[in-house]
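What's in protein_31.txt: compact mmCIF, C-alpha atoms and all ligand atoms
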# COMPACT_ATOMS: atom_id res chain seq x y z
CA MET Y 63 5.54 -38.40 65.75
CA ASN Y 64 5.00 -42.00 64.63
CA ALA Y 65 5.30 -43.00 60.99
CA THR Y 66 1.60 -43.77 60.52
CA ARG Y 67 0.55 -40.38 61.84
CA ARG Y 68 3.10 -38.67 59.61
CA ALA Y 69 1.90 -40.62 56.57
CA LEU Y 70 -1.71 -39.84 57.45
CA LEU Y 71 -1.00 -36.11 57.62
CA ALA Y 72 0.83 -36.21 54.30
CA ALA Y 73 -2.13 -38.05 52.74
CA LEU Y 74 -4.58 -35.39 53.98
CA GLU Y 75 -2.59 -32.42 52.68
CA ASP Y 76 -4.43 -32.27 49.36
CA GLY Y 77 -7.99 -32.57 50.63
CA ALA Y 78 -10.48 -35.23 51.72
CA VAL Y 79 -9.57 -38.92 51.62
CA GLY Y 80 -11.82 -41.83 52.58
CA GLY Y 81 -11.00 -44.06 55.54
CA PRO Y 82 -10.65 -47.29 53.49
CA THR Y 83 -8.35 -45.54 50.97
CA LEU Y 84 -6.21 -44.21 53.82
CA ALA Y 85 -6.02 -47.67 55.41
CA ASP Y 86 -4.94 -49.09 52.07
CA ARG Y 87 -2.36 -46.43 51.36
CA LEU Y 88 -0.89 -46.57 54.83
CA GLY Y 89 -1.01 -50.36 55.04
CA VAL Y 90 -2.90 -50.31 58.36
CA SER Y 91 -6.42 -51.17 59.53
CA ARG Y 92 -9.30 -48.67 59.40
CA ALA Y 93 -9.33 -48.76 63.20
CA ALA Y 94 -5.67 -47.70 63.19
CA VAL Y 95 -6.50 -44.79 60.86
CA TRP Y 96 -9.30 -43.72 63.16
CA LYS Y 97 -6.98 -43.91 66.16
CA GLN Y 98 -4.43 -41.64 64.47
CA VAL Y 99 -7.16 -39.20 63.42
CA GLU Y 100 -8.20 -39.00 67.08
CA ALA Y 101 -4.58 -38.44 68.11
CA LEU Y 102 -4.33 -35.55 65.64
CA ARG Y 103 -7.58 -34.09 66.97
CA ASP Y 104 -6.06 -34.24 70.45
CA GLU Y 105 -3.12 -32.23 69.11
CA GLY Y 106 -5.50 -29.50 67.95
CA PHE Y 107 -6.23 -30.47 64.35
CA VAL Y 108 -9.83 -30.00 63.29
CA ILE Y 109 -10.68 -32.98 61.10
CA GLU Y 110 -14.12 -33.38 59.61
CA SER Y 111 -15.36 -36.78 58.59
CA GLY Y 112 -18.00 -36.57 55.87
CA ASP Y 113 -19.12 -38.38 52.73
CA GLU Y 114 -15.77 -37.83 51.02
CA GLY Y 115 -13.83 -39.06 54.02
CA TYR Y 116 -11.57 -37.23 56.40
CA ARG Y 117 -10.66 -33.60 55.71
CA VAL Y 118 -8.38 -31.26 57.67
CA VAL Y 119 -10.14 -27.93 58.19
CA GLY Y 120 -8.04 -26.50 61.01
CA VAL Y 121 -4.38 -26.76 61.94
CA PRO Y 122 -3.00 -25.98 65.41
CA ASP Y 123 -0.70 -22.96 65.79
CA TYR Y 124 2.61 -24.69 66.37
CA GLY Y 125 3.90 -28.11 67.34
CA PRO Y 126 5.30 -31.19 65.64
CA ALA Y 127 2.29 -32.25 63.60
CA ALA Y 128 1.34 -28.67 62.71
CA LEU Y 129 4.85 -28.03 61.41
CA ALA Y 130 4.88 -31.25 59.41
CA PHE Y 131 1.49 -30.49 57.79
CA GLY Y 132 2.13 -28.73 54.47
CA LEU Y 133 5.92 -28.60 54.91
CA GLU Y 134 7.55 -28.48 51.48
CA ALA Y 135 10.82 -30.07 52.52
CA PRO Y 136 11.72 -33.68 53.35
CA TYR Y 137 12.51 -32.99 56.98
CA ASN Y 138 11.21 -34.71 60.11
CA ILE Y 139 10.19 -32.40 62.90
CA GLU Y 140 11.04 -32.90 66.55
CA TYR Y 141 9.31 -30.38 68.76
CA GLU Y 142 10.10 -29.52 72.38
CA ALA Y 143 8.32 -26.94 74.50
CA GLN Y 144 11.64 -26.15 76.16
CA VAL Y 145 15.24 -27.22 75.63
CA ALA Y 146 18.63 -25.84 76.59
CA SER Y 147 19.65 -25.40 72.96
CA THR Y 148 18.12 -26.82 69.79
CA ASN Y 149 21.65 -26.97 68.34
CA ASP Y 150 22.73 -29.24 71.19
CA ARG Y 151 19.75 -31.56 70.64
CA ALA Y 152 20.40 -31.54 66.90
CA ARG Y 153 24.07 -32.40 67.46
CA GLU Y 154 23.03 -35.40 69.56
CA HIS Y 155 20.84 -36.59 66.69
CA ALA Y 156 23.63 -35.95 64.20
CA GLU Y 157 26.11 -37.92 66.25
CA GLU Y 158 23.65 -40.82 66.31
CA GLY Y 159 23.54 -40.78 62.51
CA ALA Y 160 20.30 -38.87 61.91
CA ALA Y 161 19.73 -36.75 58.81
CA ASP Y 162 17.02 -34.34 57.69
CA VAL Y 163 15.73 -33.77 61.20
CA VAL Y 164 14.68 -30.37 62.50
CA VAL Y 165 14.66 -29.77 66.24
CA VAL Y 166 12.21 -26.98 67.08
CA ALA Y 167 11.61 -25.44 70.49
CA ASP Y 168 9.24 -22.81 71.82
CA GLU Y 169 11.82 -21.71 74.36
CA GLN Y 170 15.56 -22.27 74.89
CA THR Y 171 17.16 -21.91 78.29
CA GLY Y 172 20.76 -22.15 77.05
CA GLY Y 173 20.64 -20.80 73.50
CA ARG Y 174 24.08 -20.27 71.97
CA GLY Y 175 25.49 -17.75 69.54
CA ARG Y 176 28.85 -17.97 67.82
CA LEU Y 177 32.01 -18.17 69.94
CA ASP Y 178 29.94 -19.34 72.92
CA ARG Y 179 28.04 -16.09 73.17
CA GLU Y 180 24.64 -16.22 74.80
CA TRP Y 181 21.50 -16.24 72.68
CA THR Y 182 18.33 -15.00 74.38
CA ALA Y 183 15.48 -17.30 73.37
CA PRO Y 184 12.23 -16.85 75.31
CA SER Y 185 8.91 -18.50 74.47
CA GLY Y 186 7.35 -17.16 71.25
CA GLY Y 187 10.44 -17.24 69.04
CA VAL Y 188 11.31 -19.49 66.15
CA TRP Y 189 14.23 -21.58 67.39
CA ALA Y 190 15.13 -24.40 65.06
CA SER Y 191 18.14 -26.53 64.18
CA LEU Y 192 18.36 -28.60 61.03
CA VAL Y 193 20.55 -31.71 60.76
CA LEU Y 194 21.85 -32.41 57.26
CA ARG Y 195 24.40 -34.86 55.86
CA PRO Y 196 25.20 -33.34 52.50
CA GLU Y 197 27.55 -35.00 50.04
CA ARG Y 198 29.74 -31.94 49.92
CA PRO Y 199 33.21 -30.94 51.05
CA PRO Y 200 33.51 -29.10 54.39
CA ALA Y 201 34.75 -26.03 52.49
CA ALA Y 202 31.23 -25.58 51.03
CA VAL Y 203 29.55 -25.41 54.44
CA PRO Y 204 29.46 -21.60 54.79
CA MET Y 205 27.10 -21.59 51.81
CA TYR Y 206 24.50 -23.27 54.01
CA THR Y 207 24.65 -20.40 56.46
CA LEU Y 208 24.14 -17.96 53.62
CA ALA Y 209 21.25 -20.04 52.29
CA ALA Y 210 19.58 -20.02 55.70
CA ALA Y 211 19.97 -16.25 55.93
CA VAL Y 212 18.36 -15.88 52.48
CA ALA Y 213 15.49 -18.16 53.49
CA VAL Y 214 14.85 -16.13 56.67
CA ALA Y 215 15.10 -12.79 54.84
CA ARG Y 216 12.55 -14.02 52.28
CA ALA Y 217 10.18 -15.31 54.95
CA ALA Y 218 10.50 -12.02 56.86
CA ARG Y 219 9.80 -9.98 53.75
CA GLY Y 220 6.83 -12.25 53.08
CA ALA Y 221 5.58 -11.22 56.52
CA GLY Y 222 5.95 -7.55 55.58
CA VAL Y 223 9.27 -6.81 57.29
CA ASN Y 224 11.98 -4.99 55.39
CA ALA Y 225 14.68 -7.50 56.29
CA SER Y 226 18.19 -7.62 54.91
CA ILE Y 227 21.30 -9.70 55.53
CA LYS Y 228 24.46 -8.55 57.24
CA TRP Y 229 27.44 -10.72 56.30
CA PRO Y 230 27.61 -13.50 57.05
CA ASN Y 231 24.78 -14.65 59.30
CA ASP Y 232 22.57 -11.89 60.67
CA VAL Y 233 19.18 -10.85 59.40
CA LEU Y 234 18.56 -7.22 60.27
CA VAL Y 235 15.76 -4.71 60.01
CA ALA Y 236 16.53 -1.06 59.34
CA GLY Y 237 14.47 1.43 61.33
CA PRO Y 238 13.31 4.86 60.13
CA ASP Y 239 16.59 6.38 61.39
CA SER Y 240 18.38 3.63 59.39
CA GLU Y 241 19.67 2.17 62.64
CA GLU Y 242 19.74 -1.60 62.08
CA ALA Y 243 18.41 -4.08 64.62
CA LYS Y 244 19.00 -7.83 64.70
CA LEU Y 245 16.00 -10.03 63.95
CA CYS Y 246 17.77 -13.35 63.45
CA GLY Y 247 21.08 -15.09 64.06
CA ILE Y 248 22.35 -18.33 62.56
CA LEU Y 249 24.79 -20.78 64.11
CA THR Y 250 26.19 -23.46 61.81
CA GLU Y 251 28.18 -26.32 63.28
CA MET Y 252 29.67 -29.34 61.55
CA GLU Y 253 31.83 -32.38 61.75
CA GLY Y 254 33.67 -33.70 58.75
CA GLU Y 255 36.70 -35.21 57.19
CA ALA Y 256 39.02 -33.52 54.74
CA ASP Y 257 36.82 -34.12 51.72
CA ARG Y 258 33.36 -34.84 53.07
CA VAL Y 259 30.97 -33.36 55.57
CA SER Y 260 29.88 -35.94 58.10
CA TRP Y 261 27.05 -33.87 59.53
CA LEU Y 262 25.96 -30.29 59.55
CA VAL Y 263 23.67 -28.48 62.00
CA ILE Y 264 22.16 -25.16 60.95
CA GLY Y 265 20.64 -23.36 63.94
CA VAL Y 266 18.27 -20.53 63.13
CA GLY Y 267 16.96 -18.14 65.74
CA VAL Y 268 14.27 -15.65 64.75
CA ASN Y 269 12.74 -13.26 67.26
CA ALA Y 270 9.17 -13.82 66.23
CA ASN Y 271 6.30 -13.21 68.66
CA ILE Y 272 8.41 -11.65 71.40
CA ASP Y 273 8.32 -8.26 73.10
CA ARG Y 274 11.36 -6.25 72.16
CA LYS Y 275 11.95 -5.29 75.78
CA THR Y 276 12.72 -8.91 76.68
CA LEU Y 277 15.53 -9.00 74.08
CA PRO Y 278 19.07 -7.59 74.32
CA ALA Y 279 19.76 -4.04 73.15
CA GLY Y 280 20.10 -3.86 69.38
CA ALA Y 281 17.56 -6.62 68.77
CA THR Y 282 14.14 -6.45 67.18
CA SER Y 283 11.30 -8.93 66.68
CA LEU Y 284 8.61 -9.62 64.12
CA ARG Y 285 6.07 -8.60 66.79
CA ALA Y 286 7.79 -5.21 67.19
CA GLU Y 287 7.94 -4.68 63.43
CA VAL Y 288 4.61 -5.97 62.11
CA GLY Y 289 2.76 -7.72 64.95
CA ASP Y 290 2.55 -11.44 65.63
CA VAL Y 291 3.04 -13.88 62.78
CA ASP Y 292 1.93 -17.45 62.16
CA ARG Y 293 5.11 -19.16 63.40
CA ARG Y 294 4.15 -22.39 61.68
CA ARG Y 295 3.92 -20.81 58.24
CA PHE Y 296 7.01 -18.72 58.90
CA LEU Y 297 9.21 -21.67 59.85
CA GLN Y 298 7.80 -23.78 57.02
CA ARG Y 299 8.81 -21.04 54.57
CA VAL Y 300 12.30 -20.91 56.05
CA LEU Y 301 12.73 -24.69 55.86
CA GLY Y 302 11.26 -24.85 52.36
CA GLY Y 303 13.64 -22.08 51.33
CA VAL Y 304 16.70 -23.84 52.76
CA HIS Y 305 15.69 -27.04 51.00
CA ASP Y 306 15.15 -25.28 47.64
CA LEU Y 307 18.57 -23.63 47.86
CA THR Y 308 20.62 -26.54 49.21
CA GLY Y 309 18.71 -29.81 48.66
CA GLU Y 310 19.90 -32.61 46.45
CA GLY Y 311 20.59 -31.36 42.95
CA ALA Y 312 20.56 -27.67 43.94
CA ASP Y 313 23.37 -25.58 42.51
CA LEU Y 314 24.92 -23.95 45.57
CA ARG Y 315 26.31 -21.13 43.43
CA ALA Y 316 22.77 -19.83 43.01
CA VAL Y 317 22.80 -19.09 46.73
CA LEU Y 318 25.29 -16.28 46.14
CA ASP Y 319 23.00 -14.45 43.71
CA ALA Y 320 20.08 -14.77 46.08
CA TRP Y 321 22.26 -13.59 48.97
CA ARG Y 322 23.42 -10.50 47.02
CA GLU Y 323 19.79 -9.60 46.44
CA TYR Y 324 19.08 -9.38 50.19
CA ALA Y 325 22.45 -8.20 51.47
CA SER Y 326 22.74 -4.85 53.17
CA THR Y 327 26.52 -5.27 53.61
CA LEU Y 328 27.52 -4.86 49.97
CA GLY Y 329 28.51 -1.34 49.04
CA ARG Y 330 28.88 -0.38 52.73
CA ARG Y 331 31.90 0.58 54.77
CA VAL Y 332 32.58 -2.29 57.14
CA ARG Y 333 34.90 -3.29 59.92
CA VAL Y 334 35.43 -7.04 60.13
CA GLU Y 335 37.14 -8.61 63.10
CA THR Y 336 38.65 -11.91 62.07
CA PRO Y 337 40.40 -14.24 64.49
CA ARG Y 338 43.75 -12.79 63.34
CA ARG Y 339 43.20 -9.20 62.20
CA VAL Y 340 40.81 -6.35 61.62
CA VAL Y 341 39.87 -5.49 58.07
CA GLU Y 342 38.28 -2.11 57.36
CA GLY Y 343 37.06 -0.86 54.02
CA ARG Y 344 34.19 -1.10 51.56
CA ALA Y 345 32.46 -4.46 51.15
CA VAL Y 346 32.25 -5.03 47.42
CA ASP Y 347 31.12 -8.61 46.89
CA VAL Y 348 30.70 -12.09 48.24
CA GLN Y 349 32.32 -15.16 46.64
CA PHE Y 350 32.19 -18.92 47.03
CA PRO Y 351 31.96 -20.30 49.68
CA GLY Y 352 30.58 -17.18 51.32
CA SER Y 353 33.71 -15.05 51.73
CA LEU Y 354 33.41 -11.28 51.83
CA ILE Y 355 35.58 -9.15 49.53
CA VAL Y 356 36.59 -5.87 51.14
CA GLU Y 357 38.30 -3.04 49.31
CA THR Y 358 40.80 -1.50 51.73
CA ASP Y 359 43.36 1.27 51.39
CA ASN Y 360 45.91 -1.46 50.79
CA GLY Y 361 43.98 -3.38 48.14
CA GLU Y 362 41.33 -6.09 48.16
CA ARG Y 363 41.07 -8.51 51.05
CA VAL Y 364 39.09 -11.76 51.08
CA VAL Y 365 37.60 -12.43 54.50
CA HIS Y 366 36.42 -15.96 55.25
CA ALA Y 367 35.02 -15.56 58.76
CA GLY Y 368 34.61 -12.88 61.37
CA ASP Y 369 32.32 -10.38 63.06
CA CYS Y 370 31.21 -7.67 60.70
CA GLU Y 371 30.14 -4.18 61.72
CA HIS Y 372 28.44 -1.79 59.30
CA LEU Y 373 30.11 1.59 59.68
CA ARG Y 374 28.21 4.80 59.20
CA PRO Y 375 29.24 6.63 56.04
CA THR Y 376 31.81 9.38 56.72
CA ARG Y 377 30.93 12.75 55.32
C1 LIG B 401 24.36 -15.59 66.36
O1 LIG B 401 25.52 -15.50 67.08
O2 LIG B 401 23.78 -14.66 65.89
C2 LIG B 401 23.82 -17.00 66.23
C3 LIG B 401 22.57 -17.22 67.01
C4 LIG B 401 21.97 -18.58 66.75
C5 LIG B 401 20.79 -18.85 67.60
C6 LIG B 401 20.09 -20.12 67.21
S1 LIG B 401 18.56 -20.32 68.00
C7 LIG B 401 18.44 -21.95 67.46
C8 LIG B 401 19.84 -22.54 67.61
N1 LIG B 401 20.08 -23.04 68.93
C9 LIG B 401 21.06 -22.38 69.56
O3 LIG B 401 21.48 -22.63 70.72
N2 LIG B 401 21.53 -21.41 68.76
C10 LIG B 401 20.85 -21.41 67.47
P1 LIG B 401 26.38 -14.18 67.22
O4 LIG B 401 26.62 -13.60 65.86
O5 LIG B 401 27.55 -14.61 68.01
O6 LIG B 401 25.49 -13.17 68.02
C11 LIG B 401 25.31 -13.32 69.41
C12 LIG B 401 25.01 -11.93 69.98
O7 LIG B 401 23.73 -11.50 69.56
C13 LIG B 401 24.98 -11.90 71.51
O8 LIG B 401 26.25 -11.67 72.01
C14 LIG B 401 24.02 -10.75 71.79
O9 LIG B 401 24.71 -9.52 71.69
C15 LIG B 401 23.07 -10.79 70.61
N3 LIG B 401 21.83 -11.51 70.93
C16 LIG B 401 21.60 -12.46 71.86
N4 LIG B 401 20.34 -12.90 71.80
C17 LIG B 401 19.74 -12.19 70.79
C18 LIG B 401 18.44 -12.20 70.24
N5 LIG B 401 17.47 -13.02 70.66
N6 LIG B 401 18.20 -11.33 69.22
C19 LIG B 401 19.14 -10.51 68.74
N7 LIG B 401 20.39 -10.45 69.24
C20 LIG B 401 20.70 -11.30 70.25
Show the structure stored in the file as C-alpha cells.
Ligand code: BT5
Amino acid sequence: MNATRRALLAALEDGAVGGPTLADRLGVSRAAVWKQVEALRDEGFVIESGDEGYRVVGVPDYGPAALAFGLEAPYNIEYEAQVASTNDRAREHAEEGAADVVVVADEQTGGRGRLDREWTAPSGGVWASLVLRPERPPAAVPMYTLAAAVAVARAARGAGVNASIKWPNDVLVAGPDSEEAKLCGILTEMEGEADRVSWLVIGVGVNANIDRKTLPAGATSLRAEVGDVDRRRFLQRVLGGVHDLTGEGADLRAVLDAWREYASTLGRRVRVETPRRVVEGRAVDVQFPGSLIVETDNGERVVHAGDCEHLRPTR
C-alpha cells in the first residue's frame, strides 16, 4: 500500500475529515486525496462523502488496507492471497533490512512448522509473520514466542473459545472430554550476533475459518469451536497484543505473568523431548526467557526447548 493511502486511512480512523484538511495533512492535492479514496473504495471500503467530509462506514473483510485500518500497532501490512510460507517472505524482508512488517496470506502452499515439519494452511486461516528488529540479546527471543502465544490465547478467548497455551508455542482448545486440540502454532526464527538480535520473524498460524476435516488429526479451528470469526479483528487483536507485550519500553518479564495466566501446561504431568534427552515429570513453572521447570523423580530440570506432551494423570 502506498504511503499516501496509508496516511489517508490513518486520518479517517477517528471519523469524518474534510477533503481540504486531508490534503493539507497529507501534503498532497485534493485530487490526489480523491484518487486514493477511489482506490480504497475499489478495495471494498465504503466511504461516504458528506458535509463533514469523507467518512469510512464499511471496511472490507480482509486484505492489506482492511488490516491496516484500526490496527493498534506500528506495523506495515503486506498481504498476499497465496504464498508458499509467510515466514519465508518475512525472512526475505528481514534480510533486506525491513522492520515492523507483517506478511499476511489467505493461503500458504508450503507452510512450515518447527524442525521443518509441514504446516497445513488452507484459505480461511490467519497466517501471519511479523518482522521485528528489537534491541535485545538473542537469549531473550523465546519471550517473543510466549508473547505471541498469549496474544493469540487472548484473541481466541475474546472470540469465545476456551483457549490455553501448551509450552512453549501451541494454543490449544480443550474439548468436553478434556482432549486438547491444536488451534495455533508459532514459529519464531531469528538471526543475530552474540549480544544483539539482527532480525526476528514471528510466524503465527491460527486455524480460523476452516473446516476441521481439512486439518490434520488433533487440530481444531475457530469455525469448529464457535463459528466463523472476523479475521481482520482477530489478527488486529493478536498484533496489538504482541506490540503491547514486546514493543519499545515494554517490560518483557510481564510476559511471563500473562503466559502463566493462560498456560495449561503448569501443574500437569509432561513429557518433553529435547534435542538431547527426554524429561518427564510435573511442570511447575516457567522462567525467563521462557524455559519450563519440570519436577522429576531426580529433582528439578530446566528445559529451554523441546516438544512437550501433556500426559494424562495417572490414577
Ligand atoms: C508449529 O510447529 O506449531 C509452528 C507452526 C507455525 C505456522 C505459521 S503459519 C504462518 C507462518 N508461516 C509458516 O510457514 N509457518 C508459520 P510444530 O510445533 O512443529 O507443529 C507442527 C505439527 O503440527 C505438524 O507436524 C502437524 O502434526 C501439526 N499441524 C500441521 N498443520 C496444522 C494445523 N493447521 N493445525 C494444527 N496442527 C497442525
Using only C-alpha atoms and all ligand atoms, which residues have at least one atom no more than 7 Å from ligand LIG 401 (chain B)? Output them as JSON, numbers by chain.
{"Y": [147, 148, 149, 150, 172, 173, 174, 175, 176, 177, 179, 180, 181, 182, 183, 189, 190, 191, 231, 232, 244, 245, 246, 247, 248, 249, 265, 266, 267, 269, 277, 278, 280, 281, 282]}
Under the rule that all atoms listed in the file are counted, which of Y:Ser91, Y:Ser111, Y:Ser260, Y:Asn138 is the nearest residue to Leu74 in chain Y?
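Looking only at the distances to Leu74 in chain Y, the closest residue turns out to be Y:Ser111.
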Best match for closeness to Asp359 in chain Y among Y:Val233, Y:Arg258, Y:Arg331, Y:Glu242, counting only C-alpha atoms
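Closest candidate: Y:Arg331.
Separating CA of Arg219 in chain Y from CA of Arg333 in chain Y is a distance of 26.7 Å.
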Which residues come within 10 Å of Asn271 in chain Y, counting all atoms listed in the file, excluding same-chain residues fewer than 2 positions away, as a CSV table (one decimal) with C-alpha atoms, in the frame of the given file?
chain,number,residue,atom,x,y,z
Y,184,PRO,CA,12.2,-16.8,75.3
Y,185,SER,CA,8.9,-18.5,74.5
Y,186,GLY,CA,7.4,-17.2,71.2
Y,187,GLY,CA,10.4,-17.2,69.0
Y,188,VAL,CA,11.3,-19.5,66.2
Y,268,VAL,CA,14.3,-15.6,64.8
Y,269,ASN,CA,12.7,-13.3,67.3
Y,273,ASP,CA,8.3,-8.3,73.1
Y,274,ARG,CA,11.4,-6.2,72.2
Y,283,SER,CA,11.3,-8.9,66.7
Y,284,LEU,CA,8.6,-9.6,64.1
Y,285,ARG,CA,6.1,-8.6,66.8
Y,286,ALA,CA,7.8,-5.2,67.2
Y,288,VAL,CA,4.6,-6.0,62.1
Y,289,GLY,CA,2.8,-7.7,65.0
Y,290,ASP,CA,2.6,-11.4,65.6
Y,291,VAL,CA,3.0,-13.9,62.8
Y,292,ASP,CA,1.9,-17.4,62.2
Y,293,ARG,CA,5.1,-19.2,63.4
I'd like the contact shell of range 368-372 of chain Y - 8 Å cut-off, all atoms listed in the file, skipping same-chain residues fewer than 2 positions apart - returned as a PyMOL selection string.
chain Y and resi 228-230+327+330-337+365-366+374
Okay, now the selection with C-alpha atoms, as an mmCIF file, in the frame of the given file?
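Here's the written file again-v5.cif:
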data_model
loop_
_atom_site.group_PDB
_atom_site.id
_atom_site.type_symbol
_atom_site.label_atom_id
_atom_site.label_comp_id
_atom_site.auth_asym_id
_atom_site.auth_seq_id
_atom_site.Cartn_x
_atom_site.Cartn_y
_atom_site.Cartn_z
ATOM 1 C CA LYS Y 228 24.460 -8.550 57.240
ATOM 2 C CA TRP Y 229 27.440 -10.720 56.300
ATOM 3 C CA PRO Y 230 27.610 -13.500 57.050
ATOM 4 C CA THR Y 327 26.520 -5.270 53.610
ATOM 5 C CA ARG Y 330 28.880 -0.380 52.730
ATOM 6 C CA ARG Y 331 31.900 0.580 54.770
ATOM 7 C CA VAL Y 332 32.580 -2.290 57.140
ATOM 8 C CA ARG Y 333 34.900 -3.290 59.920
ATOM 9 C CA VAL Y 334 35.430 -7.040 60.130
ATOM 10 C CA GLU Y 335 37.140 -8.610 63.100
ATOM 11 C CA THR Y 336 38.650 -11.910 62.070
ATOM 12 C CA PRO Y 337 40.400 -14.240 64.490
ATOM 13 C CA VAL Y 365 37.600 -12.430 54.500
ATOM 14 C CA HIS Y 366 36.420 -15.960 55.250
ATOM 15 C CA ARG Y 374 28.210 4.800 59.200
#
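The interatomic distance for the pair CA of Ala236 in chain Y and CA of Ala279 in chain Y works out to 14.5 Å.
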Hey, which of Y:Ile109, Y:Val300, Y:Val164, Y:Ala146 ends up closest to Ala215 in chain Y? Count only C-alpha atoms.
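Nearest candidate to Ala215 in chain Y out of Y:Ile109, Y:Val300, Y:Val164, Y:Ala146: Y:Val300.
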Could you tell me how far CA of Asp162 in chain Y lies from CA of Gly311 in chain Y, in Å and to one decimal?
15.5 Å
Here is a test: counting only C-alpha atoms, which residue of Y:Glu114, Y:Asp104, Y:Ser353, Y:Thr308 is nearest to Glu197 in chain Y?
Y:Thr308
Min atom-atom distance to Arg344 in chain Y from the set Y:Val317, Y:Val235, Y:Leu373, Y:Val263, counting only C-alpha atoms, belongs to Y:Leu373
Between Y:Ala320, Y:Ala127, Y:Val304, Y:Ala225, which is the closest to Ala101 in chain Y once you count only C-alpha atoms?
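Nearest candidate to Ala101 in chain Y out of Y:Ala320, Y:Ala127, Y:Val304, Y:Ala225: Y:Ala127.
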Gly159 in chain Y surroundings by all atoms listed in the file, 10 Å radius, close-in-sequence under 6 positions cut, as an NGL selection string:
:Y and (153 or 193 or 195 or 260-261)
File dump, residues just selected, C-alpha atoms, as an mmCIF file, keeping the file's coordinate frame:
data_model
loop_
_atom_site.group_PDB
_atom_site.id
_atom_site.type_symbol
_atom_site.label_atom_id
_atom_site.label_comp_id
_atom_site.auth_asym_id
_atom_site.auth_seq_id
_atom_site.Cartn_x
_atom_site.Cartn_y
_atom_site.Cartn_z
ATOM 1 C CA ARG Y 153 24.070 -32.400 67.460
ATOM 2 C CA VAL Y 193 20.550 -31.710 60.760
ATOM 3 C CA ARG Y 195 24.400 -34.860 55.860
ATOM 4 C CA SER Y 260 29.880 -35.940 58.100
ATOM 5 C CA TRP Y 261 27.050 -33.870 59.530
#
Using all atoms listed in the file, which protein or nucleic acid residues come within 9 Å of Gln144 in chain Y? Drop anything in the same chain fewer than 4 positions from it, and give the result as a list in words.
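Counting only the stated atoms, we get Ala167, Asp168, Glu169, Gln170, Thr171 and Ser185 of chain Y.
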Box time for range 143-161 of chain Y: axis-aligned, enclosing all its listed atoms, 5 Å extra on each side; report centre and edge lengths in Å to one decimal, as lines of an AutoDock Vina configuration file.
center_x = 17.2
center_y = -33.1
center_z = 67.7
size_x = 27.8
size_y = 25.4
size_z = 27.8
